[in-house]
Structure formats: C-alpha cells, structure tokens
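Below is my_file-v2.cif, which holds mmCIF, C-alpha atoms and all ligand atoms.
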```cif
data_model
#
loop_
_atom_site.group_PDB
_atom_site.id
_atom_site.type_symbol
_atom_site.label_atom_id
_atom_site.label_comp_id
_atom_site.auth_asym_id
_atom_site.auth_seq_id
_atom_site.Cartn_x
_atom_site.Cartn_y
_atom_site.Cartn_z
ATOM 1 C CA MET A 25 2.602 6.297 17.561
ATOM 2 C CA ALA A 26 6.115 7.629 17.505
ATOM 3 C CA GLU A 27 7.327 5.325 14.721
ATOM 4 C CA VAL A 28 8.063 6.090 11.067
ATOM 5 C CA LYS A 29 5.506 8.305 9.394
ATOM 6 C CA GLY A 30 4.523 7.979 5.783
ATOM 7 C CA LYS A 31 3.244 5.213 3.574
ATOM 8 C CA SER A 32 4.952 2.421 1.663
ATOM 9 C CA LEU A 33 1.860 0.761 0.137
ATOM 10 C CA SER A 34 -0.008 2.036 -2.904
ATOM 11 C CA LYS A 35 -3.745 2.717 -2.753
ATOM 12 C CA SER A 36 -4.435 -0.491 -4.676
ATOM 13 C CA GLN A 37 -2.242 -2.548 -2.314
ATOM 14 C CA VAL A 38 -4.156 -1.101 0.655
ATOM 15 C CA GLU A 39 -7.435 -2.059 -1.044
ATOM 16 C CA GLU A 40 -6.216 -5.586 -1.841
ATOM 17 C CA LEU A 41 -4.998 -6.171 1.718
ATOM 18 C CA ALA A 42 -8.295 -4.855 3.110
ATOM 19 C CA ILE A 43 -10.229 -7.318 0.926
ATOM 20 C CA HIS A 44 -7.822 -10.116 1.892
ATOM 21 C CA LEU A 45 -8.273 -9.524 5.643
ATOM 22 C CA GLU A 46 -11.988 -8.779 5.484
ATOM 23 C CA ASN A 47 -12.672 -11.984 3.544
ATOM 24 C CA ALA A 48 -10.763 -13.944 6.185
ATOM 25 C CA GLU A 49 -12.998 -12.321 8.809
ATOM 26 C CA LEU A 50 -16.276 -12.847 6.955
ATOM 27 C CA GLU A 51 -15.524 -16.444 5.966
ATOM 28 C CA ALA A 52 -13.610 -17.350 9.151
ATOM 29 C CA TYR A 53 -10.311 -18.634 7.843
ATOM 30 C CA GLU A 54 -6.708 -17.999 8.924
ATOM 31 C CA VAL A 55 -4.144 -16.084 6.878
ATOM 32 C CA THR A 56 -0.427 -15.455 7.369
ATOM 33 C CA LYS A 57 0.472 -12.110 8.902
ATOM 34 C CA ILE A 58 0.681 -9.448 6.235
ATOM 35 C CA THR A 59 4.055 -8.034 7.315
ATOM 36 C CA ASP A 60 5.597 -11.346 6.104
ATOM 37 C CA ASP A 61 4.783 -10.231 2.551
ATOM 38 C CA PHE A 62 5.058 -6.468 3.128
ATOM 39 C CA PRO A 63 7.957 -6.027 5.585
ATOM 40 C CA ASN A 64 8.290 -2.307 4.792
ATOM 41 C CA MET A 65 4.698 -1.555 5.699
ATOM 42 C CA THR A 66 4.317 1.452 8.022
ATOM 43 C CA TYR A 67 1.856 2.117 10.857
ATOM 44 C CA GLU A 68 0.085 4.560 8.574
ATOM 45 C CA ASP A 69 -0.332 1.783 5.982
ATOM 46 C CA ALA A 70 -1.698 -0.512 8.689
ATOM 47 C CA PHE A 71 -4.324 2.041 9.759
ATOM 48 C CA ASP A 72 -5.129 2.790 6.098
ATOM 49 C CA ILE A 73 -6.005 -0.910 5.665
ATOM 50 C CA GLN A 74 -8.181 -0.897 8.811
ATOM 51 C CA TRP A 75 -9.994 2.255 7.680
ATOM 52 C CA GLU A 76 -10.492 0.731 4.228
ATOM 53 C CA ILE A 77 -12.138 -2.340 5.824
ATOM 54 C CA ARG A 78 -14.379 0.051 7.757
ATOM 55 C CA ARG A 79 -15.227 1.952 4.575
ATOM 56 C CA ARG A 80 -16.119 -1.315 2.794
ATOM 57 C CA LYS A 81 -18.484 -2.350 5.593
ATOM 58 C CA GLU A 82 -20.177 1.051 5.673
ATOM 59 C CA ALA A 83 -20.538 0.989 1.876
ATOM 60 C CA ARG A 84 -22.424 -2.319 2.255
ATOM 61 C CA GLY A 85 -24.781 -0.708 4.781
ATOM 62 C CA ASN A 86 -23.193 -1.802 8.068
ATOM 63 C CA LYS A 87 -23.216 0.784 10.835
ATOM 64 C CA ILE A 88 -20.174 1.486 12.998
ATOM 65 C CA VAL A 89 -21.479 1.281 16.564
ATOM 66 C CA GLY A 90 -18.344 1.916 18.592
ATOM 67 C CA MET A 91 -14.605 1.779 18.976
ATOM 68 C CA LYS A 92 -12.273 -0.453 20.968
ATOM 69 C CA MET A 93 -8.809 -0.076 22.354
ATOM 70 C CA GLY A 94 -6.580 -3.150 22.470
ATOM 71 C CA LEU A 95 -3.336 -4.184 24.140
ATOM 72 C CA THR A 96 -3.823 -1.577 26.869
ATOM 73 C CA SER A 97 -2.928 -3.831 29.820
ATOM 74 C CA TRP A 98 0.418 -5.394 30.683
ATOM 75 C CA ALA A 99 -1.331 -8.771 30.813
ATOM 76 C CA LYS A 100 -2.379 -8.412 27.177
ATOM 77 C CA MET A 101 0.859 -6.869 25.929
ATOM 78 C CA ALA A 102 2.817 -9.689 27.540
ATOM 79 C CA GLN A 103 0.386 -12.326 26.267
ATOM 80 C CA MET A 104 0.629 -11.118 22.666
ATOM 81 C CA GLY A 105 4.263 -9.960 22.668
ATOM 82 C CA VAL A 106 3.247 -6.529 21.422
ATOM 83 C CA GLU A 107 4.462 -3.349 23.054
ATOM 84 C CA HIS A 108 1.934 -0.601 22.239
ATOM 85 C CA PRO A 109 -1.865 -0.260 22.355
ATOM 86 C CA CYS A 110 -3.924 -0.275 19.180
ATOM 87 C CA TYR A 111 -7.525 0.549 18.269
ATOM 88 C CA GLY A 112 -10.260 -0.900 16.117
ATOM 89 C CA PHE A 113 -13.883 -0.272 15.220
ATOM 90 C CA LEU A 114 -17.057 -2.168 16.154
ATOM 91 C CA ALA A 115 -19.613 -2.906 13.429
ATOM 92 C CA ASP A 116 -23.309 -3.449 14.089
ATOM 93 C CA TYR A 117 -23.223 -7.215 13.497
ATOM 94 C CA PHE A 118 -20.489 -7.652 16.170
ATOM 95 C CA THR A 119 -23.143 -6.981 18.841
ATOM 96 C CA VAL A 120 -24.318 -9.947 20.922
ATOM 97 C CA PRO A 121 -27.072 -9.464 23.522
ATOM 98 C CA ASP A 122 -26.225 -10.179 27.160
ATOM 99 C CA GLY A 123 -26.814 -13.885 27.769
ATOM 100 C CA GLY A 124 -26.912 -14.503 24.029
ATOM 101 C CA GLU A 125 -25.401 -17.173 21.828
ATOM 102 C CA ILE A 126 -22.248 -16.710 19.768
ATOM 103 C CA LYS A 127 -21.811 -19.045 16.810
ATOM 104 C CA HIS A 128 -18.350 -20.547 17.155
ATOM 105 C CA ASP A 129 -18.352 -21.700 13.491
ATOM 106 C CA GLU A 130 -18.561 -18.053 12.337
ATOM 107 C CA LEU A 131 -15.209 -17.426 14.054
ATOM 108 C CA ILE A 132 -11.703 -18.917 13.768
ATOM 109 C CA HIS A 133 -10.231 -19.263 17.280
ATOM 110 C CA PRO A 134 -12.120 -16.845 19.536
ATOM 111 C CA LYS A 135 -10.987 -15.645 22.954
ATOM 112 C CA ILE A 136 -12.920 -13.569 25.486
ATOM 113 C CA GLU A 137 -11.791 -10.478 27.351
ATOM 114 C CA ALA A 138 -13.180 -8.651 30.406
ATOM 115 C CA GLU A 139 -13.435 -4.951 29.563
ATOM 116 C CA LEU A 140 -15.385 -1.830 30.487
ATOM 117 C CA ALA A 141 -17.099 0.542 28.085
ATOM 118 C CA PHE A 142 -17.373 4.326 28.279
ATOM 119 C CA VAL A 143 -20.263 6.155 26.627
ATOM 120 C CA LEU A 144 -19.598 9.846 25.960
ATOM 121 C CA LYS A 145 -21.951 12.792 26.321
ATOM 122 C CA ASP A 146 -19.492 15.257 24.749
ATOM 123 C CA GLU A 147 -17.039 15.046 21.880
ATOM 124 C CA LEU A 148 -13.376 14.254 22.650
ATOM 125 C CA LYS A 149 -11.017 15.695 20.113
ATOM 126 C CA GLY A 150 -7.271 15.240 20.507
ATOM 127 C CA PRO A 151 -4.413 15.895 20.678
ATOM 128 C CA GLY A 152 -3.779 16.579 24.343
ATOM 129 C CA ILE A 153 -6.782 14.744 25.803
ATOM 130 C CA HIS A 154 -6.173 13.553 29.389
ATOM 131 C CA ILE A 155 -8.045 11.501 31.982
ATOM 132 C CA GLY A 156 -9.804 14.602 33.336
ATOM 133 C CA ASP A 157 -11.208 15.456 29.906
ATOM 134 C CA VAL A 158 -12.444 11.888 29.531
ATOM 135 C CA LEU A 159 -14.192 11.808 32.907
ATOM 136 C CA ARG A 160 -15.853 15.157 32.235
ATOM 137 C CA ALA A 161 -17.070 13.991 28.811
ATOM 138 C CA THR A 162 -18.314 10.577 30.017
ATOM 139 C CA ASP A 163 -22.057 10.005 30.278
ATOM 140 C CA PHE A 164 -21.705 6.561 31.895
ATOM 141 C CA VAL A 165 -19.500 3.497 32.216
ATOM 142 C CA MET A 166 -20.822 -0.062 31.791
ATOM 143 C CA PRO A 167 -19.543 -3.651 31.683
ATOM 144 C CA ALA A 168 -18.443 -5.153 28.363
ATOM 145 C CA VAL A 169 -16.954 -8.446 27.226
ATOM 146 C CA GLU A 170 -15.085 -8.555 23.953
ATOM 147 C CA VAL A 171 -14.747 -11.651 21.775
ATOM 148 C CA ILE A 172 -11.536 -11.264 19.810
ATOM 149 C CA ASP A 173 -10.653 -13.448 16.843
ATOM 150 C CA SER A 174 -7.387 -12.704 15.079
ATOM 151 C CA ARG A 175 -7.492 -13.643 11.442
ATOM 152 C CA TYR A 176 -3.818 -14.614 11.708
ATOM 153 C CA LYS A 177 -2.564 -18.162 11.967
ATOM 154 C CA ASP A 178 -2.234 -19.379 15.568
ATOM 155 C CA PHE A 179 -3.317 -15.917 16.814
ATOM 156 C CA LYS A 180 0.264 -14.662 16.244
ATOM 157 C CA PHE A 181 1.028 -11.247 14.817
ATOM 158 C CA ASP A 182 2.986 -8.027 15.170
ATOM 159 C CA LEU A 183 1.500 -4.605 15.882
ATOM 160 C CA LYS A 184 1.201 -3.495 12.231
ATOM 161 C CA SER A 185 -0.472 -6.739 11.178
ATOM 162 C CA VAL A 186 -2.993 -6.634 14.032
ATOM 163 C CA ILE A 187 -3.874 -2.973 13.406
ATOM 164 C CA ALA A 188 -4.625 -3.778 9.756
ATOM 165 C CA ASP A 189 -6.820 -6.680 10.970
ATOM 166 C CA ASN A 190 -9.046 -4.257 12.912
ATOM 167 C CA SER A 191 -7.272 -5.257 16.125
ATOM 168 C CA SER A 192 -8.880 -8.731 16.075
ATOM 169 C CA SER A 193 -12.384 -7.299 16.622
ATOM 170 C CA SER A 194 -15.204 -9.756 16.080
ATOM 171 C CA ARG A 195 -18.022 -9.704 18.671
ATOM 172 C CA PHE A 196 -18.895 -7.955 21.925
ATOM 173 C CA VAL A 197 -21.459 -8.176 24.701
ATOM 174 C CA THR A 198 -22.476 -5.294 26.899
ATOM 175 C CA GLY A 199 -24.951 -5.042 29.765
ATOM 176 C CA GLY A 200 -25.036 -4.990 33.532
ATOM 177 C CA ARG A 201 -25.520 -1.703 35.321
ATOM 178 C CA MET A 202 -24.429 1.637 33.984
ATOM 179 C CA ALA A 203 -22.810 4.066 36.399
ATOM 180 C CA ASP A 204 -21.641 7.647 36.569
ATOM 181 C CA PRO A 205 -17.819 7.514 36.671
ATOM 182 C CA ALA A 206 -17.950 9.946 39.634
ATOM 183 C CA ASP A 207 -19.601 7.158 41.647
ATOM 184 C CA LEU A 208 -16.937 4.554 40.818
ATOM 185 C CA ASP A 209 -13.355 3.988 41.830
ATOM 186 C CA LEU A 210 -12.350 2.905 38.342
ATOM 187 C CA LYS A 211 -8.824 1.915 39.396
ATOM 188 C CA THR A 212 -9.917 -0.632 41.977
ATOM 189 C CA LEU A 213 -13.039 -1.821 40.177
ATOM 190 C CA GLY A 214 -12.699 -5.613 40.239
ATOM 191 C CA VAL A 215 -13.602 -8.113 37.534
ATOM 192 C CA VAL A 216 -13.934 -11.885 37.823
ATOM 193 C CA MET A 217 -14.201 -14.019 34.675
ATOM 194 C CA GLU A 218 -15.748 -17.478 34.803
ATOM 195 C CA ILE A 219 -15.913 -20.093 32.076
ATOM 196 C CA ASN A 220 -18.298 -23.003 32.712
ATOM 197 C CA GLY A 221 -18.562 -21.854 36.313
ATOM 198 C CA GLU A 222 -14.832 -21.880 36.975
ATOM 199 C CA VAL A 223 -12.888 -18.691 37.747
ATOM 200 C CA VAL A 224 -10.247 -18.260 35.000
ATOM 201 C CA GLN A 225 -9.145 -14.615 35.335
ATOM 202 C CA THR A 226 -9.396 -11.800 37.867
ATOM 203 C CA GLY A 227 -8.263 -8.193 37.660
ATOM 204 C CA ALA A 228 -8.924 -4.539 38.438
ATOM 205 C CA GLY A 229 -9.376 -1.420 36.328
ATOM 206 C CA ALA A 230 -5.897 -0.027 36.987
ATOM 207 C CA ALA A 231 -4.449 -2.848 34.874
ATOM 208 C CA VAL A 232 -5.487 -0.764 31.865
ATOM 209 C CA LEU A 233 -2.868 1.973 31.479
ATOM 210 C CA GLY A 234 -3.051 2.769 35.198
ATOM 211 C CA HIS A 235 -6.648 4.039 34.876
ATOM 212 C CA PRO A 236 -9.437 2.976 32.487
ATOM 213 C CA ALA A 237 -10.043 6.579 31.375
ATOM 214 C CA ALA A 238 -6.418 6.786 30.176
ATOM 215 C CA SER A 239 -7.342 4.301 27.464
ATOM 216 C CA VAL A 240 -10.138 6.531 26.136
ATOM 217 C CA ALA A 241 -7.767 9.527 26.247
ATOM 218 C CA MET A 242 -5.165 7.597 24.264
ATOM 219 C CA LEU A 243 -7.793 6.642 21.682
ATOM 220 C CA ALA A 244 -8.857 10.276 21.230
ATOM 221 C CA ASN A 245 -5.206 11.264 20.791
ATOM 222 C CA MET A 246 -4.474 8.425 18.329
ATOM 223 C CA LEU A 247 -7.575 9.314 16.276
ATOM 224 C CA ALA A 248 -6.416 12.940 16.148
ATOM 225 C CA GLU A 249 -3.402 11.772 14.121
ATOM 226 C CA ARG A 250 -5.894 11.039 11.333
ATOM 227 C CA GLY A 251 -8.018 14.126 11.943
ATOM 228 C CA GLU A 252 -10.753 12.022 13.596
ATOM 229 C CA SER A 253 -12.465 12.476 16.975
ATOM 230 C CA LEU A 254 -14.801 10.637 19.344
ATOM 231 C CA LYS A 255 -18.255 12.144 18.874
ATOM 232 C CA ALA A 256 -20.812 12.647 21.666
ATOM 233 C CA GLY A 257 -22.629 9.343 22.167
ATOM 234 C CA SER A 258 -19.604 7.202 21.246
ATOM 235 C CA PHE A 259 -19.326 3.737 22.812
ATOM 236 C CA ILE A 260 -15.695 2.841 23.578
ATOM 237 C CA MET A 261 -14.252 -0.373 25.002
ATOM 238 C CA ILE A 262 -11.056 0.232 26.966
ATOM 239 C CA GLY A 263 -9.177 -3.034 26.276
ATOM 240 C CA ALA A 264 -8.847 -6.234 28.254
ATOM 241 C CA ILE A 265 -8.201 -5.875 31.978
ATOM 242 C CA THR A 266 -6.855 -9.453 32.183
ATOM 243 C CA ALA A 267 -5.333 -11.845 29.659
ATOM 244 C CA ALA A 268 -7.722 -13.163 26.990
ATOM 245 C CA VAL A 269 -9.041 -16.722 27.384
ATOM 246 C CA GLN A 270 -9.712 -19.184 24.563
ATOM 247 C CA VAL A 271 -13.256 -20.509 24.327
ATOM 248 C CA ASN A 272 -14.602 -23.655 22.690
ATOM 249 C CA LYS A 273 -17.984 -24.602 21.280
ATOM 250 C CA GLY A 274 -20.339 -25.342 24.206
ATOM 251 C CA ASP A 275 -18.561 -23.039 26.673
ATOM 252 C CA ASN A 276 -20.536 -20.492 28.609
ATOM 253 C CA PHE A 277 -19.011 -17.486 30.301
ATOM 254 C CA THR A 278 -19.932 -14.950 32.961
ATOM 255 C CA VAL A 279 -17.940 -11.879 33.917
ATOM 256 C CA HIS A 280 -18.741 -10.211 37.247
ATOM 257 C CA TYR A 281 -18.056 -6.501 37.664
ATOM 258 C CA GLN A 282 -17.751 -5.023 41.131
ATOM 259 C CA GLY A 283 -20.952 -3.087 41.794
ATOM 260 C CA LEU A 284 -22.040 -3.246 38.147
ATOM 261 C CA GLY A 285 -23.539 -6.734 37.882
ATOM 262 C CA SER A 286 -22.591 -9.503 35.470
ATOM 263 C CA ILE A 287 -22.745 -10.232 31.775
ATOM 264 C CA GLY A 288 -22.427 -13.528 29.992
ATOM 265 C CA GLY A 289 -23.073 -15.621 26.947
ATOM 266 C CA LYS A 290 -22.618 -19.027 25.352
ATOM 267 C CA PHE A 291 -20.615 -20.343 22.415
ATOM 268 C CA VAL A 292 -22.754 -22.675 20.344
HETATM 269 C C1 LIG A 301 -5.425 -7.699 19.744
HETATM 270 C C2 LIG A 301 -6.641 -7.028 20.336
HETATM 271 C C3 LIG A 301 -6.494 -6.917 21.823
HETATM 272 C C4 LIG A 301 -7.527 -6.060 23.950
HETATM 273 O O1 LIG A 301 -8.552 -5.800 24.581
HETATM 274 O O2 LIG A 301 -6.401 -6.024 24.464
HETATM 275 C C5 LIG A 301 -7.693 -6.444 22.528
HETATM 276 C C6 LIG A 301 -5.326 -9.156 20.113
HETATM 277 O O3 LIG A 301 -4.828 -9.483 21.183
HETATM 278 O O4 LIG A 301 -5.749 -9.987 19.301
HETATM 279 O O5 LIG A 301 -8.799 -6.370 22.044
HETATM 280 MG MG MG A 302 -10.307 -6.207 23.567
#
```

Just dump the structure as structure tokens.
Amino acid sequence: MAEVKGKSLSKSQVEELAIHLENAELEAYEVTKITDDFPNMTYEDAFDIQWEIRRRKEARGNKIVGMKMGLTSWAKMAQMGVEHPCYGFLADYFTVPDGGEIKHDELIHPKIEAELAFVLKDELKGPGIHIGDVLRATDFVMPAVEVIDSRYKDFKFDLKSVIADNSSSSRFVTGGRMADPADLDLKTLGVVMEINGEVVQTGAGAAVLGHPAASVAMLANMLAERGESLKAGSFIMIGAITAAVQVNKGDNFTVHYQGLGSIGGKFV
C-alpha cells in the first residue's frame, strides 16, 4: 500500500485492539469501527492488529489453513466504499464442509461471496510477483464460497478498520472440481449464486483485478512488505467475484462454477 508508513499505536494498544476485535468475533457482537477512536492509526498498525489476532489464535492451538484477499472486484469495492484490496487469514475452525451447516447465531450479520481458491505447489515470494509467476506456481484452482462477517456495526468500515478485523473473515466452504489453471480460461470462468433456489448474483473471473491470478500476485507482494511469503501448499481465496449477499437463518445457498461443479451450504 502506497500510504503512510510507520506506526502510531504502541505495542500494548495493538494488543488491546486485537483482543477487542477478536472477542467481538468469538462472541459475535458488533463494535464501532476502531478508526473512530484511533484516527491517526496507520496501515501498518492495522496489519499489526490483524497479525496479533492471528498470533493469539495460533497460541491457543488454532492452525492457519489459508489466506484470503478481499475487495479485489469493482463490485465489492463499490459495495463497501473502499478503494483498495486487503488480505486476511483463515483459521481451521472457519472451515465448513461442502453442503454443511453454518450456525447463524455464531455470527453477527453474515454475507456470502462467490470466490475461487488457488492452491500452490511452489512458494511465491514478493516483491515483483506477476500473473505468470502465480500460474506457474499453482497446483490447482477450485471453487470456494466465503462467509464474511464484519465485526463492525451495520457492516460499515474503512480500509484500516477492516484490515485490523481480519478483513471480515469468518467461515468458508470449498469443494467442487479442482482444475489445472492451464485447462481453464480464468477470465471468462462464470459463477452463478443462488439463495433458496433463486439466482441472486452472476459474474466472471475477470471481475477480480482483471484476472483471478492477479489477486494472488497482489497478496504475495503485500505479504512481502512484512517479510512474509506464500509457502508451497498454500490455499488462497481470491476475493469475491460479485457483490456479497446477506443471508438469514434458514437460507440455503448454491454457487455454480463453470466447468467446476457447485458448492453449497445452509444457515441454521
Ligand atoms: C471485507 C472483506 C471482503 C472480499 O472477498 O471482497 C472480501 C468486507 O467486505 O467485509 O472478503
Ligand atoms: Mg471474500
């Protein structure tokens, strides 16, 4: 991110904000966006808070099972009023099996997103990673649906606040058919999202930064700013192809992926 470098929060403020946001996640309650109280917060502070939440989960024995990009499509940026992509991590207990049940009461105001996931066979270490590097390092691509759940009141935030809140990560479903990216036209790959049997969103891969692999490249380059990389075997969700759709208790969803089958689930 090209914005101001440096930190404005102390280590103990970062820790307190991480606890504040993680408790809201674990106990499913809304909080006000943290930039209201810390207007001078920087992007580095925001990522420090996210990485502190990650550290807390790992210290309690949770495994980090993947990464996600967010706000990578114009549909999402416009929907959320935020102008730059962000990333977050996926913890083991975010995983929901294909066709499985998601407990609505464990979440605040969930929405679902049609995404794709890349699984790497080689490490990607930025800076300077481009689409070609990503395609060469990709083992396979597969369908994924993300359930996002901002911890902020009315799902409203700015980029720094959402980064600190692990980019609204909460649950994800993956399944369908895996494919070699060489056998797919990732730009035109179509997705159709249905809720309770009704089509609510449609889109194609190019909605994500012009090409789904560009999202993985951007993630590798953003991680490089913190000296981190995407290791071989990493699972990465590229960000929503269409706008996110709110779901209520009792709703079931299915997302169809051109040539890659469908995945779905139910909110109970
Ligand atoms: C931020 C996370 C967005 C995506 O795929 O665009 C995201 C949000 O909108 O709450 O996961
Ligand atoms: Mg997402």

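Ranking A:Leu243, A:Ile132, A:Met65, A:Ile260 by their shortest atom-to-atom distance to Ala168 in chain A, with only C-alpha atoms included, puts A:Ile260 first.
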
Written as a ChimeraX atom specification, which residues does the PyMOL selection byres (((not hetatm)) within 10 of (chain A and resi 302)) give for the file shown? /A:92-97,100,110-112,135-140,168-173,191-196,261-268

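Atom pair CA of Phe62 in chain A / CA of Ser185 in chain A has a distance of 9.8 Å (rounded to one decimal).
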
Name the residues captured by the PyMOL selection byres (((chain A and resi 291) around 9) and not hetatm) when it is applied to the shown file; answer as a VMD selection string. chain A and resid 124 to 128 271 to 277 289 to 290 292

Using the selection just defined, write its residues with C-alpha atoms as a compact mmCIF listing (two decimals), in the frame of the given file.
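Printed below is part_30.txt as written:
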```txt
# COMPACT_ATOMS: atom_id res chain seq x y z
CA GLY A 124 -26.91 -14.50 24.03
CA GLU A 125 -25.40 -17.17 21.83
CA ILE A 126 -22.25 -16.71 19.77
CA LYS A 127 -21.81 -19.05 16.81
CA HIS A 128 -18.35 -20.55 17.16
CA VAL A 271 -13.26 -20.51 24.33
CA ASN A 272 -14.60 -23.66 22.69
CA LYS A 273 -17.98 -24.60 21.28
CA GLY A 274 -20.34 -25.34 24.21
CA ASP A 275 -18.56 -23.04 26.67
CA ASN A 276 -20.54 -20.49 28.61
CA PHE A 277 -19.01 -17.49 30.30
CA GLY A 289 -23.07 -15.62 26.95
CA LYS A 290 -22.62 -19.03 25.35
CA VAL A 292 -22.75 -22.68 20.34
```

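Distances to Leu45 in chain A were evaluated for A:Ser174, A:Gln270, A:Thr119, A:Thr278 using all atoms listed in the file, and the minimum falls at A:Ser174.
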
Please report, as JSON, the centre and edge lengths in Å to one decimal of an axis-aligned box covering all listed atoms of range 189-203 of chain A with 3 Å per side.
```
{"center_x": -16.2, "center_y": -2.8, "center_z": 23.7, "size_x": 24.7, "size_y": 19.8, "size_z": 31.4}
```

Please list as an NGL selection string every residue within 8 Å of Asn86 in chain A, counting only C-alpha atoms and excluding residues in the same chain fewer than 6 positions away. :A and (115-117)

Leaving out Ile43 in chain A and any residue of its chain fewer than 5 positions from it, which residues lie within 9 Å of it when counting only C-alpha atoms, given as a PyMOL selection string? chain A and resi 38+48+76-77+80

Could you name the residues that touch range 214-217 of chain A at 8 Å or less, counting only C-alpha atoms, but leaving out those on the same chain fewer than 5 positions away, as a ChimeraX atom specification? /A:138,223-229,277-282

For the selection you just gave me, I'd like the residues written to a file as a short mmCIF file (atom, residue, chain, number, x, y, z; two decimals), in the frame of the given file, keeping C-alpha atoms.
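Result written to selection34.cif:
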```cif
data_model
loop_
_atom_site.label_atom_id
_atom_site.label_comp_id
_atom_site.auth_asym_id
_atom_site.auth_seq_id
_atom_site.Cartn_x
_atom_site.Cartn_y
_atom_site.Cartn_z
CA ALA A 138 -13.18 -8.65 30.41
CA VAL A 223 -12.89 -18.69 37.75
CA VAL A 224 -10.25 -18.26 35.00
CA GLN A 225 -9.14 -14.62 35.34
CA THR A 226 -9.40 -11.80 37.87
CA GLY A 227 -8.26 -8.19 37.66
CA ALA A 228 -8.92 -4.54 38.44
CA GLY A 229 -9.38 -1.42 36.33
CA PHE A 277 -19.01 -17.49 30.30
CA THR A 278 -19.93 -14.95 32.96
CA VAL A 279 -17.94 -11.88 33.92
CA HIS A 280 -18.74 -10.21 37.25
CA TYR A 281 -18.06 -6.50 37.66
CA GLN A 282 -17.75 -5.02 41.13
#
```

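Those residues returned by the PyMOL selection byres (((chain A and resi 244) around 9) and not hetatm) for this file are Leu148, Lys149, Gly150, Pro151, Gly152, Ile153, Ser239, Val240, Ala241, Met242, Leu243, Asn245, Met246, Leu247, Ala248, Glu252, Ser253 and Leu254 of chain A.
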
File of the preceding selection, C-alpha atoms, as a PDB file, keeping the file's coordinate frame:
```
ATOM      1  CA  LEU A 148     -13.376  14.254  22.650  1.00  0.00           C
ATOM      2  CA  LYS A 149     -11.017  15.695  20.113  1.00  0.00           C
ATOM      3  CA  GLY A 150      -7.271  15.240  20.507  1.00  0.00           C
ATOM      4  CA  PRO A 151      -4.413  15.895  20.678  1.00  0.00           C
ATOM      5  CA  GLY A 152      -3.779  16.579  24.343  1.00  0.00           C
ATOM      6  CA  ILE A 153      -6.782  14.744  25.803  1.00  0.00           C
ATOM      7  CA  SER A 239      -7.342   4.301  27.464  1.00  0.00           C
ATOM      8  CA  VAL A 240     -10.138   6.531  26.136  1.00  0.00           C
ATOM      9  CA  ALA A 241      -7.767   9.527  26.247  1.00  0.00           C
ATOM     10  CA  MET A 242      -5.165   7.597  24.264  1.00  0.00           C
ATOM     11  CA  LEU A 243      -7.793   6.642  21.682  1.00  0.00           C
ATOM     12  CA  ASN A 245      -5.206  11.264  20.791  1.00  0.00           C
ATOM     13  CA  MET A 246      -4.474   8.425  18.329  1.00  0.00           C
ATOM     14  CA  LEU A 247      -7.575   9.314  16.276  1.00  0.00           C
ATOM     15  CA  ALA A 248      -6.416  12.940  16.148  1.00  0.00           C
ATOM     16  CA  GLU A 252     -10.753  12.022  13.596  1.00  0.00           C
ATOM     17  CA  SER A 253     -12.465  12.476  16.975  1.00  0.00           C
ATOM     18  CA  LEU A 254     -14.801  10.637  19.344  1.00  0.00           C
TER      19      LEU A 254
END
```
